[in-house]
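Visitor: First the structure, which I've put down as structure tokens, then a few questions once you've had a look.
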Amino acid sequence: MKGLRIRRLYSFKSMQFLIAVSFTAMTAVVVFFVSAVLYDKFNRTAEKNTVQSNQQVIYQVASNLEYYIRSMATVFSAVEQKVRQGEAFPNQLLSEQLGTIFSTREDLVTIALFTEAGQRMTSLPSQEMRSNTHLTSQSWFRSAVENPNHLSFSVPHVQNLFKGQYKWVVSMSKGITLHMGGRDLNAVLLVDVNFKMIDDLSRSVKLGRKGYAYIIDESAGNIIYHPQQQLIYAGLKYENVEQALKYTYGSYYDDSTGENRMITIQTVGNVGWKIVGVSYMDEVVTTRKEITSFLVWLLALVMGFVLLITWYMSAKISQPIKRLEKSMQLVERGNFDILVPIRRDDEVGRLSRRFNLMVTRIRELMNQIIHEQEAKRKTELEVLQSQIHPHFLYNTLNSVVRLAGTGKNEEVITMITSLSKFFRISLSKGKTVIPVADEMEHVRHYLIIQKMRYKNKFEYAIEAEEAALDCLTLKLVLQPLVENAIYHGIEPGADEGFIAISAAVVEGKLRLRVKDDGLGMGPETLAGLLEGPKAGGVRENGIGLYNVHERIRLQFGDEYGLRIQSEREAGTTVDVWLPCLREEERQ
Amino acid sequence: MTGFRIRLSAALFAMALLAACTRQGEIPSAEDSQKEIALIAKSRGEFWSTVKMGAEAAAKELGVKLTFDAPEQETDVAGQIDRVNRYLAYGVDGMVIAASDYERLAAPAESAESRGVPVVAIESEIDSGKIRSFVGIDNYEAGRQAARKMKEIATGQGRFLILGYLKGARNTEERERGILDEWAGDPDILAVRTAPCSLDAHQCADMVKDLIAREGPFDGILALNASAAAGAAEQISRMKRIGGIKLVGFDNSPEELEWLQEGVIQATVIQNPFSIGYLGVKTAVEALEHKPVEKRIDTGTKVIDAESMFWSDNQKLLFPFVQ
């Protein structure tokens, strides 16, 4: 039983299931759609933000670097100015002035002046020079000689001029013309800078956890500076410089190193360097994964919540209906004594109220039917009882005895035969409905008996249309009417009476008529005839007209029954109206 | 009642949402179980500090912790074995060893491997088949290169001294073998003298002085390691025989580079210590992660002379980039 209920609860056809599923599905679609849109939006925003912030960072670094280079150029021009003022070399004052500049900046490695032939004129540090420096063939020297009066920046190289440590530097050099003792002297001014400041700048770049920035030379694509310079130099790391060279500024994606990276380029003015920012897309992807997992969680949560809510709500909706259904099942099984409790005044509540009204009405009708059936049985029983009215039997038998005593054997036989047939039709094997012919026969035997008893006090005639004979009628309808006609119409009168009994089909209905020319009655009597027995006892004339009238109406409805016309001293006509049913129709 | 229930569930839902939101605010912390790699070098000289730089670059890139250690002297084999055992007991996850002795380091390396600690030999091989990988140069081939270069410089003939042979030091043995094999059967190579000297430059210089005093001048000296090269250069410079006695060395210590620029050393066969350090740690980490590693990774050699030493590409190999 419990299993059954559970199965019903989760039945796929139940309304609750339908509501829950459709709501959940709808919510799922909506949430999923919203999530997808959000995800897409987040993604784009994250990517856009990365691009923007990278560009900002790189732009910042570029401007810092530009500033740094400008400041170096300023230092260089300061040095140049001092050198131009120097009259002779070596020069004590000049050395001191340059020494001041040299000592204030920790990123300066060398300040030196050479003749075009590569002869040292002055230098800081003033250490002994190494041999085999190949000074004049070094790139910074050559570019100074080739482009005089133009400050050029070299690619990183090892400074091998002076004894001591070999240092990696970027050389600033310029070919200048000195006026010494009235004649011009072409010289090359060199300022070497180490990578300290550039390194600091580069380290300040934060492009995610793994990202970094490096600097390339625009013309040849040489890497000026890289946070992992040694790896690059050892050939253990590779940067796709060729592609970076194609851009002046902007961002692009690069997977030439096997990892998906976003490259941001910014050109540094006046040195021809480019800053290349590298950030790793898998870090953006990490954000994406976070968003994804967040959205998945959200989706699951919302789904769970919605599922709960819809299950609850659908239960709320469908349970009153289920209760109603259960009540209906009870009604189906015949229990009309139920009342569906009305909890709320909603649709189901109203439906319940209607249902309650309906059940009540059905109960009333049932009761009424029961009542009617009882009444029918009772009236029939009464008729039957009246047939074996002892008085009638007693009188008849008396008459038989009298006739036998007077030796009227013929009449005795007639009487007994009629009595026997009378009773046989009365019983009719328990049937309540019999053909009109039988009913006519029944009343004929009754009249035969009564006529003998009343010594021909009246005459009678029985006639019937052929069509009417096949119709069915309730049995024992005519006999009480004839009895009334005899007792109340004919017998009290002095004259010989006449009773006409006829059966006809009029306007599709069956009409049986009992007409006498007896005393008749007044309208006041007439009016009371068809009303039920008054409280206070059975009327004297027994079951009488009312019984017949009631039986017909119970059987066939209110449009059928008796119609009585009567007039004092003119007689009474009683019409019995019945539906013209035939044997086959009845079945 | 119903309203209350709905409100309760709404509150619960909001709380769950909040919880989901705050989860996002957590800062992803670095891996707690950071692997530790010990790098045991031969000494703390210039060469090894460049190896260390490479190793540190790899450690940073791969997110492992690197511990560098080395005995004071390259000849202190016992000290090195002791260090290997100590780090093993300490519980490092991987080891990178530059063995001072080809045979004596085999046992500690094997015991590390048997404990599931992968060992990668760098620069010098270890006499064991169990270690994962060797990262370094082919010293035999390097010896042949040096011999070829010397023959080229000395115009194909002369008496030569091989300096710096060290018993048990596999690298110098291999280099010497390479040199001798290269010259074997060459009628113009008159005499080859092999002289051992330990890793002290002054000692090597004295030995050169003694040998020249006793046996007459050589046409060229092949110095099998950086100290021997520096010692020989010192002596040649002192004897003012610059260019008279040709000198071909190995490695690129700062002293050697200065002598190279000065023209005392004619050529040097260099290996790439930065790459050795970098690839040593990288290979160890790969072995630790059960990735297949090559049994032998050759980092390559290059012959550098005074003329080519400042070529852009060679600068990058010769001079470690320090800010």
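Just remember, in the structure tokens the first chain shown is A, the second B, etc., residues are 1-based per chain, and ligands are 1-based in the order shown.
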Near stretch 274-290 of chain B, counting only C-alpha atoms, which residues have an atom at most 8 Å away, once you skip same-chain residues fewer than 5 positions from it, shown as a VMD selection string?
Guide: (chain A and resid 230 to 231 234 236) or (chain B and resid 37 39 50 to 59 62 93 to 96 117 to 123 132 to 136 299)
Visitor: Save out the residues we just selected, N, CA and C atoms, as a short mmCIF file (atom, residue, chain, number, x, y, z; two decimals), in the first residue's frame.
Guide:
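Final output, again.cif:
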data_model
loop_
_atom_site.label_atom_id
_atom_site.label_comp_id
_atom_site.auth_asym_id
_atom_site.auth_seq_id
_atom_site.Cartn_x
_atom_site.Cartn_y
_atom_site.Cartn_z
N GLN A 230 70.46 35.14 -19.48
CA GLN A 230 71.44 34.06 -19.58
C GLN A 230 70.85 32.84 -20.28
N LEU A 231 69.55 32.59 -20.03
CA LEU A 231 68.89 31.46 -20.69
C LEU A 231 68.82 31.70 -22.19
N ALA A 234 72.29 31.28 -23.57
CA ALA A 234 72.71 29.88 -23.60
C ALA A 234 71.89 29.08 -24.62
N LEU A 236 68.84 28.33 -24.33
CA LEU A 236 67.88 27.45 -23.65
C LEU A 236 66.48 28.03 -23.69
N ILE B 37 65.58 20.03 -4.56
CA ILE B 37 66.67 19.43 -5.32
C ILE B 37 67.98 19.93 -4.72
N LEU B 39 71.98 20.38 -5.26
CA LEU B 39 73.04 20.40 -6.27
C LEU B 39 74.38 20.36 -5.54
N THR B 50 78.54 29.83 -12.00
CA THR B 50 77.73 29.94 -13.21
C THR B 50 76.79 28.74 -13.34
N VAL B 51 77.31 27.56 -12.97
CA VAL B 51 76.44 26.37 -12.94
C VAL B 51 75.26 26.62 -12.01
N LYS B 52 75.58 27.22 -10.88
CA LYS B 52 74.53 27.51 -9.88
C LYS B 52 73.49 28.48 -10.44
N MET B 53 73.96 29.48 -11.19
CA MET B 53 73.02 30.43 -11.80
C MET B 53 72.04 29.70 -12.72
N GLY B 54 72.59 28.80 -13.52
CA GLY B 54 71.73 28.02 -14.42
C GLY B 54 70.74 27.17 -13.65
N ALA B 55 71.25 26.55 -12.59
CA ALA B 55 70.40 25.69 -11.77
C ALA B 55 69.28 26.50 -11.11
N GLU B 56 69.65 27.71 -10.67
CA GLU B 56 68.64 28.56 -10.03
C GLU B 56 67.57 29.00 -11.02
N ALA B 57 68.02 29.29 -12.24
CA ALA B 57 67.05 29.68 -13.28
C ALA B 57 66.05 28.55 -13.52
N ALA B 58 66.56 27.32 -13.57
CA ALA B 58 65.68 26.17 -13.79
C ALA B 58 64.76 25.97 -12.59
N ALA B 59 65.31 26.11 -11.39
CA ALA B 59 64.51 25.91 -10.18
C ALA B 59 63.37 26.91 -10.12
N LEU B 62 60.77 26.01 -12.77
CA LEU B 62 60.01 24.78 -12.54
C LEU B 62 59.36 24.74 -11.17
N ASP B 93 64.42 15.56 -2.59
CA ASP B 93 63.64 14.77 -3.54
C ASP B 93 64.44 14.37 -4.77
N GLY B 94 65.48 15.14 -5.06
CA GLY B 94 66.29 14.81 -6.23
C GLY B 94 67.70 15.35 -6.04
N MET B 95 68.66 14.78 -6.76
CA MET B 95 70.05 15.22 -6.58
C MET B 95 70.72 15.45 -7.91
N VAL B 96 71.49 16.52 -7.95
CA VAL B 96 72.31 16.81 -9.12
C VAL B 96 73.75 16.84 -8.62
N VAL B 117 65.46 8.47 -4.85
CA VAL B 117 65.84 9.84 -5.14
C VAL B 117 66.62 9.84 -6.46
N PRO B 118 66.06 10.42 -7.50
CA PRO B 118 66.76 10.40 -8.78
C PRO B 118 68.05 11.22 -8.74
N VAL B 119 69.08 10.70 -9.37
CA VAL B 119 70.37 11.38 -9.40
C VAL B 119 70.72 11.71 -10.85
N VAL B 120 71.12 12.94 -11.05
CA VAL B 120 71.59 13.36 -12.36
C VAL B 120 73.03 13.83 -12.18
N ALA B 121 73.92 13.24 -12.99
CA ALA B 121 75.31 13.67 -12.93
C ALA B 121 75.51 14.82 -13.90
N ILE B 122 76.24 15.84 -13.45
CA ILE B 122 76.53 16.93 -14.38
C ILE B 122 78.04 17.10 -14.48
N GLU B 123 78.47 17.56 -15.61
CA GLU B 123 79.85 17.93 -15.91
C GLU B 123 80.79 16.74 -15.86
N ARG B 132 70.18 8.51 -13.44
CA ARG B 132 69.22 8.79 -14.51
C ARG B 132 69.84 9.34 -15.78
N SER B 133 70.74 10.29 -15.58
CA SER B 133 71.20 11.00 -16.77
C SER B 133 72.54 11.67 -16.50
N PHE B 134 73.25 11.91 -17.56
CA PHE B 134 74.45 12.72 -17.45
C PHE B 134 74.29 13.95 -18.33
N VAL B 135 74.52 15.11 -17.73
CA VAL B 135 74.44 16.36 -18.49
C VAL B 135 75.84 16.95 -18.52
N GLY B 136 76.39 17.09 -19.70
CA GLY B 136 77.74 17.65 -19.79
C GLY B 136 78.28 17.49 -21.19
N THR B 299 75.90 19.03 -23.82
CA THR B 299 75.69 20.47 -23.87
C THR B 299 76.61 21.15 -24.88
#
Visitor: Find the spatial neighbours of B:Glu141, counting only C-alpha atoms, within a cut-off of 12 Å - ignore same-chain residues fewer than 6 positions away - and output them as a VMD selection string.
Guide: chain B and resid 147 to 148 171 to 182 269 271 298 300 to 303
Visitor: Show me, as a Markdown table, the residues of chain A having an atom within 6 Å of chain B, each with the closest atom pair and its distance in Å, using only C-alpha atoms.
Guide:
| residue | atom | partner | partner_atom | distance |
| --- | --- | --- | --- | --- |
| A:Ser131 | CA | B:Glu262 | CA | 5.7 |
| A:Phe195 | CA | B:Gln323 | CA | 5.5 |
| A:Lys196 | CA | B:Gln323 | CA | 5.7 |
| A:Gln230 | CA | B:Phe321 | CA | 5.9 |
| A:Tyr233 | CA | B:Lys316 | CA | 5.3 |
Visitor: For B:Phe250, find every residue with an atom within 7 Å (counting only C-alpha atoms), except residues of its own chain fewer than 6 positions away, and show them as a list in words.
Guide: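 Final neighbour list, sorted by chain and number: Ala223, Leu224, Asn225, Ala226, Thr268, Val269 and Ile270 of chain B.
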Visitor: Do you have the atom CA of B:Cys204-atom CA of B:Ala229 distance handy?
Guide: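 Between atom CA of B:Cys204 and atom CA of B:Ala229 the gap is 8.4 Å.
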Visitor: I'd like the interatomic distance between atom CA of B:Ala89 and atom CA of B:Phe68, to a tenth of an Å.
Guide: 15.8 Å
Visitor: Any idea what's packed within 12 Å of B:Asp82, counting only C-alpha atoms, ignoring anything in its chain fewer than 4 positions away? Could you give it as a PyMOL selection string?
Guide: chain B and resi 40+69-71+76-78+86-89+104-105+107-109
Visitor: Using only C-alpha atoms, which protein or nucleic acid residues come within 7 Å of A:Tyr546? Drop anything in the same chain fewer than 4 positions from it, and give the result as a PyMOL selection string.
Guide: chain A and resi 529-532+550
